[in-house]
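S.K.: Got a structure for you, questions after.
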Number of protein chains: 2
Amino acid sequence: MKPASLLRANLQAVEAITTADPVLTNIDAAGSVVPGFTRNTILTSGPIMPWEDYIGGQRDAIIGGALFEGLADTAEQADAMIARGEIQVRGCQELGCVGSLSGIYTASMPVFVVENSLTGRAAFCNFFEGKNPRRLNYGVYDDQVREQLLRIQQEIAPGLAHAVRHAGGVPLKPIMIRALNMGDELHSRNAAAALLFLQAISQALLEIGQKADAKTALAAINEDPYFFLRLSMAACKVMADAGQGVVGASVVTAMAFNCRQFAIRVSGLGDRWWTGSLPKVHARFFPGYSEKDLAWMGGESPITETVGLGAFAQCAAFALQAYQGGSPAEMLRRQRRLYRITTAEHPDFKIPFLSFRGVPTGIDIFKVVKTGIAPLINVGIAGQAGGQIGAGVIEAPLDCFVSATQAF
Amino acid sequence: MKPASLLRANLQAVEAITTADPVLTNIDAAGSVVPGFTRNTILTSGPIMPWEDYIGGQRDAIIGGALFEGLADTAEQADAMIARGEIQVRGCQELGCVGSLSGIYTASMPVFVVENSLTGRAAFCNFFEGKNPRRLNYGVYDDQVREQLLRIQQEIAPGLAHAVRHAGGVPLKPIMIRALNMGDELHSRNAAAALLFLQAISQALLEIGQKADAKTALAAINEDPYFFLRLSMAACKVMADAGQGVVGASVVTAMAFNCRQFAIRVSGLGDRWWTGSLPKVHARFFPGYSEKDLAWMGGESPITETVGLGAFAQCAAFALQAYQGGSPAEMLRRQRRLYRITTAEHPDFKIPFLSFRGVPTGIDIFKVVKTGIAPLINVGIAGQAGGQIGAGVIEAPLDCFVSATQAF
């Protein structure tokens with residue numbers, strides 16, 4: 001392929017990514033609104049593997065999902081049913097969903113429905129599980145986790161759904177644009193975005209009144225520091241999907257991992273995942289933990305980096321140092337390098353500290369391979385015993401980028 | 001005075017400033033809650049002068065206040081009544097208030113009541129007048145201005161007062177601490193603080209229900225980008241006042257100006273204003289305006305810089321470039337210089353970009369005179385025809401600092 005036509009294809013993909021207009025239109029059970037989601041479906045993060053290849057927290061989380069959904073009575077039974085295919089384990093992104101950490105979706109779990117107003121195409125993300133570091137998506141399933149998942153389903157989601165419908169939907173891009181001016185990078189920091197979302201539905205909450213469900217919905221937005229992350233992920237999935245399928249484009253349209261592999265999708269190479277080794281980690285661990293406690297249990301939140309947010313917008317969010325380590329000087333150095341592997345600067349997502357330069361958008365696999373600069377990703381870190389044990393920056397492996405370029 | 005005892009006195013003043021705990025406890029008419037506020041009182045910004053010395057927008061604003069309050073029927077009558085002392089023009093800070101631009105307070109205007117929970121001492125600030133650049137505090141009084149002032153008084157303030165009382169008061173310092181992590185410097189940028197305030201009273205707004213006054217209050221918080229500025233000013237006044245009156249302290253406890261003079265108060269020098277020339281301006285003008293259109297009509301919002309916010313926290317708010325000009329590099333250079341004229345770094349107000357270094361707090365008049373570094377202040381710029389015509393950074397004049405040091 002000639003450089004000029006490659007660039008043209010990549011710019012077309014980036015144009016679609018940067019002009020997509022994600023709007024939160026509904027909240028409902030995955031089984032009701034996600035096309036293809038059957039009662040015995042469980043979704044999990046990353047390229048799907050044979051059941052015997054799932055280990056550790058991601059395997060535990062999938063089994064936990066089966067128990068939560070009542071598809072099996074015991075872990076042993078769930079395990080056997082999955083092995084026999086009576087419970088179907090599929091990849092989140094096969095069904096338009098996007099998974100946080102192990103990314104477990106079951107039929108009764110409520111999801112945010114986010115649509116691209118330009119095309120009507122939807123993406124879905126389920127809810128943040130709250131502040132407790134022990135969560136299903138971090139490989140833990142116990143009574144507390146179950147109660148919180150039920151609380152989300154029975155108390156938080158109905159009130160929010162009511163308010164979102166009453167508001168006639170909530171455009172997410174304006175919130176994201178403003179949040180970048182307010183210290184968020186919309187992956188590991190979403191503090192301002194949650195407040196802007198609160199502002200966007202505050203009138204609707206007031207109008208639906210003093211019902212218990214309005215109060216619970218309000219409390220969820222106000223209490224959960226990562227409430228907006230799932231909306232950011234669904235919005236980024238809508239944007240990334242808009243850039244998928246451009247003939248000849250070498251732009252990355254998804255980055256994700258399961259418990260064994262990191263993987264990318266490329267706009268011009270269909271829906272196939274190009275897999276590689278697991279990422280390198282620069283983390284800040286919670287007290288009592290260190291790198292030896294770290295476990296990989298999947299994650300698709302790098303969809304935010306895919307469209308230019310998260311680590312690709314880290315100089316919008318210097319306060320992240322307190323959460324994931326690093327220094328402002330290091331953040332600037334990293335931020336600058338990421339411009340060398342991308343196709344364009346985002347016309348709407350801008351960084352005040354860089355004199356409102358647009359975030360680097362549209363990772364070009366050829367640039368990654370040529371420069372040897374790995375895409376960086378801000379993530380929460382899971383522990384071997386389940387739960388969150390820290391946060392940090394990970395470096396995507398280069399091998400999957402190399403295989404993808406070879407396919408061109 | 002020996003250097004050691006000067007330092008000790010200054011640290012005592014700064015300790016009082018930095019530990020003060022401003023809490024919004026009430027909203028009510030100035031005439032009802034501000035001690036000494038009579039029906040025929042009008043407050044205005046800066047050191048008080050003989051009536052004939054007031055010129056331009058500040059004079060127009062004082063007369064506008066008299067008309068708004070119904071103390072006179074015509075501008076001529078108001079002018080004559082002020083000249084005869086039948087309408088009393090006093091300085092905002094004489095009565096514990098703090099004025100934005102010309103800083104007009106009349107008896108019926110609602111004010112935020114902010115108390116230091118450590119001492120019970122209160123400060124007051126009236127309301128932001130909304131987005132229209134033509135406002136009473138910018139020297140304009142016409143039907144539109146009058147209607148907006150009545151809307152604040154009759155619709156916005158009652159609902160907010162209801163919610164604030166229902167919430168049992170709103171601690172402001174936690175909001176300010178978080179806002180500094182979210183792109184605000186709490187003088188010319190208050191976007192995050194307004195959302196955090198919304199969050200703080202959202203439950204109360206929901207509980208007081210669907211009454212029209214709750215909706216109007218909510219709309220005011222959501223629509224006015226500077227809604228929180230007046231709360232920041234009252235909170236900063238509470239903090240600065242806490243540091244006032246420390247024997248032997250050379251720390252500045254107020255900076256303000258009227259239409260002719262800049263002035264400062266110093267902790268160890270009583271309530272007297274040390275006056276000097278008008279500041280130097282680095283502004284960004286709205287389209288159609290330039291420096292020749294600029295007018296001075298008073299301002300006491302530099303109370304925010306007095307406690308280490310505003311220009312003293314500019315590296316918390318890089319997005320301000322879009323509003324008041326400058327560049328991130330220039331902001332950093334300016335920010336660093338301000339550490340050279342202050343007594344301490346604030347233990348709670350911190351700047352993420354400076355690796356969470358505390359803001360420079362407690363301007364020492366001796367350091368200002370010795371280094372020749374002028375305190376900088378972020379301000380809105382008023383035009384000769386009234387109204388806001390831009391925003392920028394001003395440099396305090398050195399002469400008032402020199403006179404104050406000579407008094408020691």
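Each chain in the structure tokens gets a letter, A, B and so on, in the order shown; residues start at 1 in every chain, and ligands are counted from 1 in the order they appear.
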I need the helix (DSSP H, G or I) residues of segment 138-226 of chain B per DSSP on the backbone, written as an NGL selection string.
M.R.: :B and (138 or 143-166 or 173-180 or 191-208 or 212-223)
S.K.: Pick out the chain A residues within 7 Å of chain B. Count only C-alpha atoms. Give them as a PyMOL selection string.
M.R.: chain A and resi 181-183+192+195+199+206-207+209-210+222+318-319+327-328+352-353+355
S.K.: Using only C-alpha atoms, which residues sit within 10 Å of Val140 of chain B once same-chain residues fewer than 6 positions away are excluded, as a list of chain:residue names?
M.R.: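 Those residues are B:Gly57, B:Gln58, B:Asp60, B:Ala61, B:Ile62, B:Ile63, B:Gly64, B:Gly65, B:Pro133, B:Arg134, B:Arg146, B:Ala385, B:Gly386, B:Gly387, B:Gln388.
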S.K.: Hey, what's within 10 Å of Thr19 of chain A if we count only C-alpha atoms and toss same-chain stuff fewer than 6 positions away? As an NGL selection string, please?
M.R.: :A and (116 or 118 or 173 or 239 or 242-243 or 346-348)
S.K.: One number please: atom CA of Gln335 of chain B to atom CA of Val379 of chain B, in Å, one decimal.
M.R.: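 These two atoms are separated by 15.8 Å.
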S.K.: Just the strand (DSSP E or B) stuff from segment 61-277 of chain B, please, per backbone DSSP, written as JSON, numbers by chain.
M.R.: {"B": [88, 89, 90, 91, 97, 105, 110, 111, 112, 113, 114, 115, 116, 122, 123, 124, 125, 126, 170, 171, 251, 252, 253, 254, 255, 256, 257, 262, 263, 264, 265, 266, 274, 275, 276]}
S.K.: Give me, as a PyMOL selection string, all polymer residues having an atom no more than 8 Å from Val89 of chain A, counting only C-alpha atoms and skipping those fewer than 3 positions away in the same chain.
M.R.: chain A and resi 41-44+48+62+82
S.K.: Take the residues just selected and output them with N, CA and C atoms as a PDB file, in the first residue's frame.
M.R.:
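What landed in out13.pdb:
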```
ATOM      1  N   THR A  41     -25.737 -16.483  28.527  1.00  0.00           N
ATOM      2  CA  THR A  41     -24.501 -15.860  28.035  1.00  0.00           C
ATOM      3  C   THR A  41     -23.753 -15.203  29.193  1.00  0.00           C
ATOM      4  N   ILE A  42     -22.446 -15.387  29.216  1.00  0.00           N
ATOM      5  CA  ILE A  42     -21.585 -14.576  30.097  1.00  0.00           C
ATOM      6  C   ILE A  42     -20.509 -13.969  29.229  1.00  0.00           C
ATOM      7  N   LEU A  43     -20.355 -12.645  29.369  1.00  0.00           N
ATOM      8  CA  LEU A  43     -19.292 -11.989  28.597  1.00  0.00           C
ATOM      9  C   LEU A  43     -18.075 -11.783  29.489  1.00  0.00           C
ATOM     10  N   THR A  44     -16.896 -11.805  28.858  1.00  0.00           N
ATOM     11  CA  THR A  44     -15.668 -11.494  29.590  1.00  0.00           C
ATOM     12  C   THR A  44     -14.696 -10.756  28.676  1.00  0.00           C
ATOM     13  N   ILE A  48     -11.447 -14.211  23.117  1.00  0.00           N
ATOM     14  CA  ILE A  48     -12.000 -15.378  23.801  1.00  0.00           C
ATOM     15  C   ILE A  48     -11.060 -16.578  23.589  1.00  0.00           C
ATOM     16  N   ILE A  62     -15.687 -15.294  35.929  1.00  0.00           N
ATOM     17  CA  ILE A  62     -16.671 -15.899  35.010  1.00  0.00           C
ATOM     18  C   ILE A  62     -17.584 -16.848  35.785  1.00  0.00           C
ATOM     19  N   ILE A  82     -19.936 -24.609  31.845  1.00  0.00           N
ATOM     20  CA  ILE A  82     -19.182 -23.799  30.874  1.00  0.00           C
ATOM     21  C   ILE A  82     -18.385 -24.735  29.962  1.00  0.00           C
TER      22      ILE A  82
END
```
S.K.: Would you mind reading off the distance between atom CA of Ala72 of chain B and atom CA of Val34 of chain B, one decimal, in Å?
M.R.: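 Between atom CA of Ala72 of chain B and atom CA of Val34 of chain B the gap is 22.2 Å.
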S.K.: Report the distance between atom CA of Trp273 of chain A and atom CA of Gln406 of chain A in Å, rounded to one decimal place.
M.R.: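 Going from atom CA of Trp273 of chain A over to atom CA of Gln406 of chain A, I get 13.8 Å.
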S.K.: My list of candidates is A:Lys280, A:Lys367, A:Arg334, A:Arg340. Which is closest to Pro397 of chain A when distances are computed with only C-alpha atoms?
M.R.: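 Between A:Lys280, A:Lys367, A:Arg334, A:Arg340, the residue approaching Pro397 of chain A most closely is A:Lys280.
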S.K.: Which residues are close to segment 281-298 of chain A, i.e. within 10 Å by only C-alpha atoms, leaving aside same-chain residues fewer than 2 positions away? Reply as a PyMOL selection string.
M.R.: chain A and resi 44-47+54-61+99-104+137-139+256-262+278-279+300-301+321-326+376-396
S.K.: Please provide as a list in words all residues within 8 Å of Val402 of chain B, with the sequence filter that same-chain residues fewer than 3 positions apart are discarded (counting only C-alpha atoms).
M.R.: Ile365, Val369, Leu398, Asp399, Thr405 and Gln406 of chain B
S.K.: With C-alpha atoms retained, write the just-selected residues as an mmCIF file, in the first residue's frame.
M.R.:
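Below you can see result_5.cif, which holds the result:
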```
data_model
loop_
_atom_site.group_PDB
_atom_site.id
_atom_site.type_symbol
_atom_site.label_atom_id
_atom_site.label_comp_id
_atom_site.auth_asym_id
_atom_site.auth_seq_id
_atom_site.Cartn_x
_atom_site.Cartn_y
_atom_site.Cartn_z
ATOM 1 C CA ILE B 365 5.156 43.133 52.608
ATOM 2 C CA VAL B 369 9.560 45.379 48.809
ATOM 3 C CA LEU B 398 4.649 48.395 44.962
ATOM 4 C CA ASP B 399 4.078 51.834 46.502
ATOM 5 C CA THR B 405 6.764 48.654 55.580
ATOM 6 C CA GLN B 406 7.663 52.202 56.599
#
```
